[in-house]
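For reference, upload06.csv is printed below; it contains CSV, C-alpha atoms.
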```csv
chain,number,residue,atom,x,y,z
A,1,MET,CA,-9.4,3.5,-9.5
A,2,PRO,CA,-7.4,4.5,-6.4
A,3,PHE,CA,-4.7,1.9,-7.0
A,4,THR,CA,-3.6,3.6,-10.2
A,5,ARG,CA,-1.5,6.0,-8.2
A,6,LEU,CA,0.3,3.1,-6.6
A,7,ALA,CA,1.0,1.5,-10.0
A,8,SER,CA,3.1,4.5,-11.0
A,9,ALA,CA,4.9,4.9,-7.6
A,10,THR,CA,8.6,4.8,-7.8
A,11,THR,CA,9.1,3.7,-4.1
A,12,PRO,CA,9.2,-0.1,-3.9
A,13,THR,CA,7.5,-0.1,-0.5
A,14,ALA,CA,4.4,1.4,-2.1
A,15,HIS,CA,3.6,-2.1,-3.3
A,16,LEU,CA,3.5,-3.3,0.2
A,17,GLY,CA,0.4,-2.6,2.3
A,18,LEU,CA,-0.3,-2.8,6.0
A,19,GLY,CA,-3.2,-5.1,7.2
A,20,LEU,CA,-4.7,-4.3,10.5
A,21,ALA,CA,-6.2,-7.6,11.4
A,22,ALA,CA,-3.5,-8.3,14.1
A,23,VAL,CA,-3.9,-5.1,16.0
A,24,GLY,CA,-7.6,-4.1,15.7
A,25,ARG,CA,-8.8,-6.6,18.2
A,26,PRO,CA,-7.2,-8.5,21.1
A,27,ALA,CA,-7.2,-12.0,19.6
A,28,TYR,CA,-6.3,-13.3,16.2
A,29,ILE,CA,-5.2,-16.6,14.6
A,30,THR,CA,-1.5,-15.6,14.3
A,31,LEU,CA,1.3,-17.5,16.1
A,32,GLY,CA,3.5,-15.7,18.6
A,33,ARG,CA,1.1,-12.9,19.6
A,34,GLU,CA,1.9,-13.3,23.3
A,35,ALA,CA,5.4,-12.0,22.5
A,36,GLU,CA,4.3,-9.3,20.1
A,37,LEU,CA,1.5,-7.4,21.9
A,38,PRO,CA,1.2,-5.8,25.3
A,39,GLY,CA,0.0,-8.2,28.0
A,40,ASN,CA,-2.9,-5.8,28.8
A,41,ARG,CA,-4.5,-5.5,25.4
A,42,THR,CA,-6.9,-2.7,26.2
A,43,PRO,CA,-8.4,-0.7,23.4
A,44,GLU,CA,-6.1,2.2,24.3
A,45,ALA,CA,-3.0,0.0,24.1
A,46,MET,CA,-4.1,-1.5,20.8
A,47,ARG,CA,-4.9,1.9,19.4
A,48,SER,CA,-1.4,3.2,20.4
A,49,ARG,CA,0.2,0.1,18.7
A,50,THR,CA,-1.9,0.6,15.6
A,51,HIS,CA,-0.8,4.3,15.3
A,52,GLU,CA,2.8,3.4,15.9
A,53,LEU,CA,2.6,0.9,13.0
A,54,LEU,CA,0.8,3.4,10.7
A,55,ASP,CA,3.4,6.1,11.5
A,56,ALA,CA,6.3,3.8,10.7
A,57,ALA,CA,4.6,2.3,7.6
A,58,TYR,CA,3.8,5.8,6.1
A,59,ALA,CA,7.3,7.0,6.9
A,60,GLN,CA,8.7,4.1,4.9
A,61,GLY,CA,6.5,4.6,1.9
A,62,VAL,CA,3.7,2.2,2.5
A,63,ARG,CA,0.5,3.7,1.0
A,64,TYR,CA,-2.2,1.0,1.3
A,65,PHE,CA,-3.9,0.3,4.6
A,66,ASP,CA,-6.3,-2.6,4.9
A,67,ALA,CA,-9.1,-3.0,7.5
A,68,ALA,CA,-12.4,-4.7,7.9
A,69,ARG,CA,-15.6,-4.5,10.0
A,70,SER,CA,-14.7,-7.7,11.7
A,71,TYR,CA,-11.2,-6.5,12.8
A,72,GLY,CA,-12.6,-5.2,16.0
A,73,ARG,CA,-11.8,-1.5,16.2
A,74,ALA,CA,-9.4,-1.3,13.3
A,75,GLU,CA,-11.5,1.1,11.2
A,76,GLU,CA,-11.9,3.3,14.3
A,77,PHE,CA,-8.1,3.3,15.0
A,78,LEU,CA,-7.3,4.0,11.3
A,79,ALA,CA,-9.9,6.8,11.1
A,80,ALA,CA,-8.4,8.5,14.1
A,81,TRP,CA,-4.9,8.3,12.6
A,82,LEU,CA,-6.1,9.7,9.3
A,83,HIS,CA,-7.7,12.6,11.1
A,84,GLU,CA,-4.5,13.3,12.9
A,85,HIS,CA,-2.5,13.1,9.7
A,86,PRO,CA,-4.2,15.2,7.0
A,87,GLU,CA,-1.0,15.3,5.1
A,88,ALA,CA,-1.5,11.6,4.4
A,89,ASP,CA,-3.8,12.3,1.5
A,90,ASP,CA,-2.1,9.9,-0.8
A,91,VAL,CA,-3.0,6.8,1.3
A,92,VAL,CA,-5.4,4.3,-0.3
A,93,VAL,CA,-7.8,2.9,2.4
A,94,GLY,CA,-9.5,-0.4,2.0
A,95,SER,CA,-12.0,-2.1,4.2
A,96,LYS,CA,-14.2,-5.2,4.1
A,97,TRP,CA,-17.8,-6.1,4.9
A,98,GLY,CA,-19.4,-9.5,5.4
A,99,TYR,CA,-18.2,-10.5,8.9
A,100,THR,CA,-19.3,-8.9,12.1
A,101,TYR,CA,-17.0,-8.8,15.1
A,102,VAL,CA,-18.7,-10.4,18.1
A,103,GLY,CA,-15.7,-11.1,20.4
A,104,GLU,CA,-16.6,-8.4,22.9
A,105,TRP,CA,-12.9,-7.5,23.2
A,106,ARG,CA,-12.1,-10.9,24.8
A,107,THR,CA,-9.2,-13.2,23.9
A,108,ASP,CA,-11.2,-16.2,25.1
A,109,ALA,CA,-14.5,-15.5,23.3
A,110,ALA,CA,-16.4,-18.5,22.2
A,111,GLU,CA,-16.9,-16.8,18.8
A,112,HIS,CA,-15.0,-13.9,17.4
A,113,GLU,CA,-16.8,-13.1,14.1
A,114,VAL,CA,-20.0,-14.1,12.3
A,115,LYS,CA,-20.3,-14.3,8.5
A,116,ASP,CA,-23.2,-12.7,6.6
A,117,HIS,CA,-23.0,-11.8,2.9
A,118,SER,CA,-26.6,-10.6,2.6
A,119,LEU,CA,-27.7,-7.2,1.2
A,120,ALA,CA,-29.0,-6.2,4.6
A,121,ALA,CA,-25.6,-6.9,6.2
A,122,PHE,CA,-23.9,-4.8,3.4
A,123,GLU,CA,-26.2,-1.8,4.1
A,124,ARG,CA,-25.6,-2.0,7.8
A,125,GLN,CA,-21.8,-2.4,7.6
A,126,LEU,CA,-21.4,0.2,4.9
A,127,ALA,CA,-23.1,2.8,7.1
A,128,GLU,CA,-20.8,1.8,10.0
A,129,SER,CA,-17.7,2.0,7.8
A,130,ARG,CA,-18.7,5.4,6.4
A,131,GLU,CA,-19.5,6.8,9.8
A,132,LEU,CA,-15.9,6.2,10.7
A,133,LEU,CA,-14.0,6.6,7.5
A,134,GLY,CA,-16.2,9.0,5.6
A,135,ASP,CA,-14.9,9.9,2.1
A,136,ARG,CA,-11.5,8.3,2.9
A,137,LEU,CA,-13.0,4.8,2.1
A,138,ASP,CA,-11.5,4.1,-1.3
A,139,LEU,CA,-12.1,0.3,-1.5
A,140,TYR,CA,-14.9,-1.8,-0.1
A,141,GLN,CA,-14.5,-5.6,-0.4
A,142,ILE,CA,-16.7,-8.6,0.3
A,143,HIS,CA,-15.0,-10.5,3.1
A,144,SER,CA,-13.8,-14.1,2.4
A,145,VAL,CA,-15.9,-15.2,-0.5
A,146,THR,CA,-16.1,-18.9,-1.1
A,147,PRO,CA,-17.6,-20.6,-4.2
A,148,ASP,CA,-20.9,-21.2,-2.4
A,149,SER,CA,-21.2,-17.6,-1.2
A,150,PRO,CA,-24.6,-16.0,-1.9
A,151,ALA,CA,-22.7,-12.8,-2.7
A,152,LEU,CA,-21.7,-14.4,-6.0
A,153,THR,CA,-25.3,-14.9,-7.2
A,154,ASP,CA,-27.3,-12.2,-5.4
A,155,THR,CA,-28.2,-9.8,-8.3
A,156,ALA,CA,-29.8,-7.3,-5.9
A,157,LEU,CA,-26.5,-7.1,-4.0
A,158,HIS,CA,-24.6,-6.7,-7.3
A,159,GLU,CA,-26.8,-3.8,-8.4
A,160,ARG,CA,-26.3,-2.1,-5.0
A,161,LEU,CA,-22.5,-2.6,-5.2
A,162,ALA,CA,-22.5,-1.1,-8.7
A,163,ARG,CA,-24.3,2.0,-7.3
A,164,LEU,CA,-21.5,2.2,-4.7
A,165,ALA,CA,-18.9,2.0,-7.4
A,166,ALA,CA,-20.7,4.7,-9.3
A,167,GLU,CA,-20.3,6.9,-6.2
A,168,GLY,CA,-16.5,6.6,-6.5
A,169,VAL,CA,-15.8,3.7,-4.1
A,170,THR,CA,-13.9,0.8,-5.8
A,171,VAL,CA,-15.7,-2.6,-5.2
A,172,GLY,CA,-13.7,-5.8,-4.7
A,173,PHE,CA,-13.8,-9.1,-2.9
A,174,SER,CA,-11.5,-11.3,-0.9
A,175,THR,CA,-11.3,-15.1,-0.9
A,176,SER,CA,-10.6,-17.8,1.6
A,177,GLY,CA,-10.5,-21.6,1.7
A,178,PRO,CA,-9.1,-24.4,-0.4
A,179,ALA,CA,-11.2,-23.5,-3.4
A,180,GLN,CA,-10.0,-19.9,-3.7
A,181,ALA,CA,-9.3,-20.3,-7.5
A,182,ASP,CA,-13.0,-21.2,-8.1
A,183,ALA,CA,-14.2,-18.3,-6.0
A,184,ILE,CA,-11.9,-15.9,-7.9
A,185,ARG,CA,-13.1,-17.1,-11.3
A,186,ALA,CA,-16.7,-16.9,-10.2
A,187,GLY,CA,-16.1,-13.3,-9.1
A,188,LEU,CA,-14.6,-12.4,-12.4
A,189,ALA,CA,-17.8,-13.6,-14.1
A,190,VAL,CA,-20.0,-11.3,-12.1
A,191,THR,CA,-21.4,-8.4,-14.3
A,192,VAL,CA,-23.9,-5.6,-13.9
A,193,ASP,CA,-25.3,-4.2,-17.2
A,194,GLY,CA,-22.7,-6.2,-19.1
A,195,GLU,CA,-19.8,-4.7,-17.2
A,196,PRO,CA,-17.5,-6.5,-14.7
A,197,LEU,CA,-18.5,-5.6,-11.1
A,198,PHE,CA,-15.3,-6.2,-9.2
A,199,ARG,CA,-12.1,-4.2,-9.7
A,200,THR,CA,-9.9,-5.8,-7.0
A,201,VAL,CA,-9.4,-9.3,-5.5
A,202,GLN,CA,-7.7,-10.1,-2.2
A,203,SER,CA,-6.5,-13.7,-1.7
A,204,THR,CA,-4.3,-15.8,0.4
A,205,TYR,CA,-1.0,-16.7,-1.3
A,206,ASN,CA,2.2,-17.7,0.4
A,207,LEU,CA,5.1,-20.2,0.2
A,208,LEU,CA,2.8,-22.9,1.7
A,209,GLU,CA,-0.4,-22.1,-0.3
A,210,THR,CA,0.0,-21.3,-4.0
A,211,SER,CA,-3.2,-22.8,-5.4
A,212,ALA,CA,-4.8,-19.5,-6.4
A,213,ALA,CA,-1.8,-18.4,-8.6
A,214,GLY,CA,-3.4,-19.2,-11.9
A,215,ALA,CA,-6.7,-17.6,-11.1
A,216,LEU,CA,-4.9,-14.5,-9.7
A,217,ALA,CA,-3.0,-14.2,-13.0
A,218,GLU,CA,-6.3,-14.3,-14.8
A,219,ALA,CA,-7.7,-11.6,-12.6
A,220,HIS,CA,-4.6,-9.4,-13.2
A,221,GLU,CA,-5.0,-10.0,-17.0
A,222,ALA,CA,-8.6,-8.9,-16.7
A,223,GLY,CA,-7.5,-5.6,-15.2
A,224,LEU,CA,-8.2,-6.2,-11.5
A,225,THR,CA,-5.7,-5.2,-8.8
A,226,VAL,CA,-4.5,-8.3,-6.9
A,227,ILE,CA,-4.0,-7.8,-3.2
A,228,VAL,CA,-2.2,-10.7,-1.4
A,229,LYS,CA,-3.0,-11.4,2.2
A,230,GLU,CA,-1.6,-13.9,4.7
A,231,ALA,CA,1.8,-14.0,3.0
A,232,MET,CA,3.2,-15.1,6.4
A,233,ALA,CA,0.7,-17.9,6.7
A,234,ASN,CA,-0.6,-16.6,10.0
A,235,GLY,CA,2.9,-16.7,11.5
A,236,ARG,CA,4.0,-20.1,10.2
A,237,LEU,CA,6.7,-18.5,8.0
A,238,ALA,CA,8.4,-16.2,10.6
A,239,GLY,CA,9.2,-15.7,14.2
A,240,GLY,CA,11.0,-19.0,14.7
A,241,GLN,CA,8.0,-20.9,13.3
A,242,GLU,CA,9.4,-21.0,9.8
A,243,PRO,CA,10.4,-24.3,8.0
A,244,ARG,CA,14.1,-25.1,8.1
A,245,ASP,CA,14.6,-24.6,4.4
A,246,LEU,CA,13.1,-21.1,4.6
A,247,HIS,CA,15.4,-20.3,7.5
A,248,LEU,CA,18.4,-21.6,5.5
A,249,VAL,CA,17.5,-19.5,2.4
A,250,ALA,CA,17.1,-16.4,4.5
A,251,GLU,CA,20.6,-17.0,6.1
A,252,ALA,CA,22.1,-17.4,2.6
A,253,ALA,CA,20.4,-14.3,1.3
A,254,GLY,CA,21.5,-12.3,4.3
A,255,THR,CA,18.0,-11.3,5.4
A,256,THR,CA,15.1,-12.6,7.5
A,257,PRO,CA,12.6,-15.4,6.8
A,258,ASP,CA,9.7,-13.0,6.7
A,259,ALA,CA,11.5,-10.8,4.1
A,260,VAL,CA,12.2,-13.9,2.0
A,261,ALA,CA,8.5,-15.0,2.3
A,262,LEU,CA,7.3,-11.6,1.2
A,263,ALA,CA,9.9,-11.3,-1.6
A,264,ALA,CA,8.7,-14.6,-3.1
A,265,VAL,CA,5.2,-13.1,-3.3
A,266,LEU,CA,6.3,-9.7,-4.6
A,267,ARG,CA,8.1,-11.3,-7.5
A,268,GLN,CA,4.8,-12.7,-8.9
A,269,PRO,CA,4.0,-10.6,-11.9
A,270,TRP,CA,0.3,-10.4,-11.0
A,271,ALA,CA,0.8,-9.2,-7.4
A,272,GLY,CA,-0.3,-5.6,-7.1
A,273,VAL,CA,-0.1,-5.0,-3.4
A,274,VAL,CA,1.2,-7.5,-0.8
A,275,LEU,CA,0.1,-7.1,2.8
A,276,SER,CA,2.3,-7.1,5.8
A,277,GLY,CA,0.3,-8.1,8.9
A,278,ALA,CA,3.1,-6.9,11.3
A,279,ALA,CA,2.1,-6.4,14.9
A,280,THR,CA,5.3,-4.5,15.9
A,281,VAL,CA,7.4,-1.8,14.3
A,282,GLY,CA,10.4,-4.2,14.3
A,283,GLU,CA,8.4,-6.8,12.4
A,284,LEU,CA,7.2,-4.1,9.9
A,285,HIS,CA,10.8,-3.0,9.2
A,286,ALA,CA,11.9,-6.6,8.7
A,287,ASN,CA,9.0,-7.1,6.3
A,288,LEU,CA,10.0,-4.1,4.3
A,289,LEU,CA,13.4,-5.6,3.7
A,290,ALA,CA,11.5,-7.9,1.2
A,291,THR,CA,11.8,-5.1,-1.5
A,292,ALA,CA,15.6,-5.5,-1.5
A,293,ALA,CA,15.8,-9.3,-1.0
A,294,GLU,CA,17.4,-11.1,-4.0
A,295,LEU,CA,16.8,-14.8,-4.4
A,296,ASP,CA,18.6,-17.1,-6.9
A,297,ASP,CA,17.1,-20.0,-8.9
A,298,ALA,CA,18.4,-22.6,-6.4
A,299,GLN,CA,16.9,-20.8,-3.5
A,300,LEU,CA,13.6,-20.4,-5.3
A,301,ALA,CA,13.5,-24.1,-6.1
A,302,LEU,CA,14.1,-24.9,-2.4
A,303,LEU,CA,11.2,-22.6,-1.4
A,304,ALA,CA,9.0,-24.2,-4.0
A,305,ASP,CA,9.3,-27.5,-2.1
A,306,LEU,CA,7.5,-26.0,0.9
A,307,VAL,CA,4.1,-26.0,-0.9
A,308,GLU,CA,1.3,-27.9,0.9
A,309,GLU,CA,-1.9,-29.3,-0.6
A,310,PRO,CA,-4.7,-26.7,-0.2
A,311,GLU,CA,-6.9,-29.0,1.9
A,312,VAL,CA,-3.9,-29.6,4.2
A,313,TYR,CA,-3.0,-26.0,4.4
A,314,TRP,CA,-6.5,-24.8,5.2
A,315,ARG,CA,-7.1,-27.5,7.7
A,316,ARG,CA,-4.0,-26.5,9.6
A,317,ARG,CA,-5.1,-22.9,9.5
A,318,SER,CA,-8.5,-23.8,10.9
A,319,GLU,CA,-6.7,-25.5,13.8
A,320,LEU,CA,-4.7,-22.4,14.8
A,321,PRO,CA,-5.9,-21.0,18.1
A,322,TRP,CA,-7.1,-17.5,18.6
A,323,GLN,CA,-4.4,-15.9,20.7
```

Target encoding structure tokens, full file:
Amino acid sequence: MPFTRLASATTPTAHLGLGLAAVGRPAYITLGREAELPGNRTPEAMRSRTHELLDAAYAQGVRYFDAARSYGRAEEFLAAWLHEHPEADDVVVGSKWGYTYVGEWRTDAAEHEVKDHSLAAFERQLAESRELLGDRLDLYQIHSVTPDSPALTDTALHERLARLAAEGVTVGFSTSGPAQADAIRAGLAVTVDGEPLFRTVQSTYNLLETSAAGALAEAHEAGLTVIVKEAMANGRLAGGQEPRDLHLVAEAAGTTPDAVALAAVLRQPWAGVVLSGAATVGELHANLLATAAELDDAQLALLADLVEEPEVYWRRRSELPWQ
């Protein structure tokens, strides 16, 4: 599995990844984008920003890059960077299928992405991903599985995913929504010919939303690599949007709120790779400080008080505007 080479990495930043959701398309549900991105978010400008981030991340030891079919042109931007940097042969590349980008490169689109977990959607999107990424595609994940997703019960899809795994591409799934723990456990139960199908799981976990922790620990115990997304809670934990207690802890620790938020996730024993969703090089460098952040018991206790009920957290997330 491609993540085995990260497990033995001695550079702490190898356990941080760079997610490209924020820079592969002009609009996303992250607070503060108007100050982070160029006013004219042309494909060329966003490609340039993506490449700047990839350059900086690779130089600082980051070795996992995460894209998706629904992240606009993120796969295209990443593929171009990989072509320009053949020396980056130690990078692990993950992408996701199951959502189609329909935003037409508009910030004010009525709809930005459409969900479809069918076998037909998989075949179409796998062909699209492979056309761009070729044999650099290490990990292909089902995007945002929920407990009622047909992807959990479609045996024909499972058999097709198993064939993809047999070709050397690791197969995983990501989760979303207030019932992430149920979705994770359902994914762990999926087998083909008596063998577990999925080798990775990517879930939302942050200081505000911790409900998936138990299930993620079970996934780790079962041998899956756990990838954590949305550690910044779509901008609610940084950039001046952070809760007062998080700001105070960061001041006391001599670092930034985003570094503290990421450090709290990195210390979880089941966390294999934690994603930064930085949209600027400055944000990325601040995120990477998480590997050196030290938090004492009193600070951790203060941070634990920030947790919201899952239904509250996900309702607030759904209310965030696409910016």

Quiz item: Can you tell me, as a ChimeraX atom specification, which residues sit within 9 Å of (-10.3, 9.5, -8.9) in the file's frame, using only C-alpha atoms?
Solution: /A:1-2,168

Can I get the selected residues back with C-alpha atoms, as a compact mmCIF listing (two decimals), keeping the file's coordinate frame?
```
# COMPACT_ATOMS: atom_id res chain seq x y z
CA MET A 1 -9.40 3.50 -9.50
CA PRO A 2 -7.40 4.50 -6.40
CA GLY A 168 -16.50 6.60 -6.50
```

Self-check item: Near-range 210-217 of chain A list (10 Å; only C-alpha atoms; drop same-chain fewer than 4 positions) as an MDAnalysis selection string
Solution: chainID A and resid 175 178:185 188 201:206 221:228 265 268:271 304 307:310

Quiz item: Can you tell me, as a VMD selection string, which residues sit within 10 Å of (5.5, 5.2, -1.7) in the file's frame, using all atoms listed in the file?
Solution: chain A and resid 5 to 6 8 to 16 57 to 64 90 to 91

Quiz item: From the list A:Arg124, A:Lys115, A:Arg199, A:Arg163, which residue is nearest Leu139 in chain A when using all atoms listed in the file?
Solution: A:Arg199

Self-check item: A:Thr191, A:Thr107, A:Gln299, A:Ser276 ranked by distance to Asn40 in chain A, top pick (using all atoms listed in the file)
Solution: A:Thr107

Quiz item: Looking at only C-alpha atoms, which of A:Val273, A:Leu37, A:Val145, A:Ala68 is the one that sits closest to Gly17 in chain A?
Solution: A:Val273

Quiz item: Smallest atom-to-atom distance to Glu319 in chain A: which of A:Asn234, A:Asp66, A:Leu246, A:Val93, using all atoms listed in the file?
Solution: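 Smallest distance to Glu319 in chain A is found for A:Asn234.
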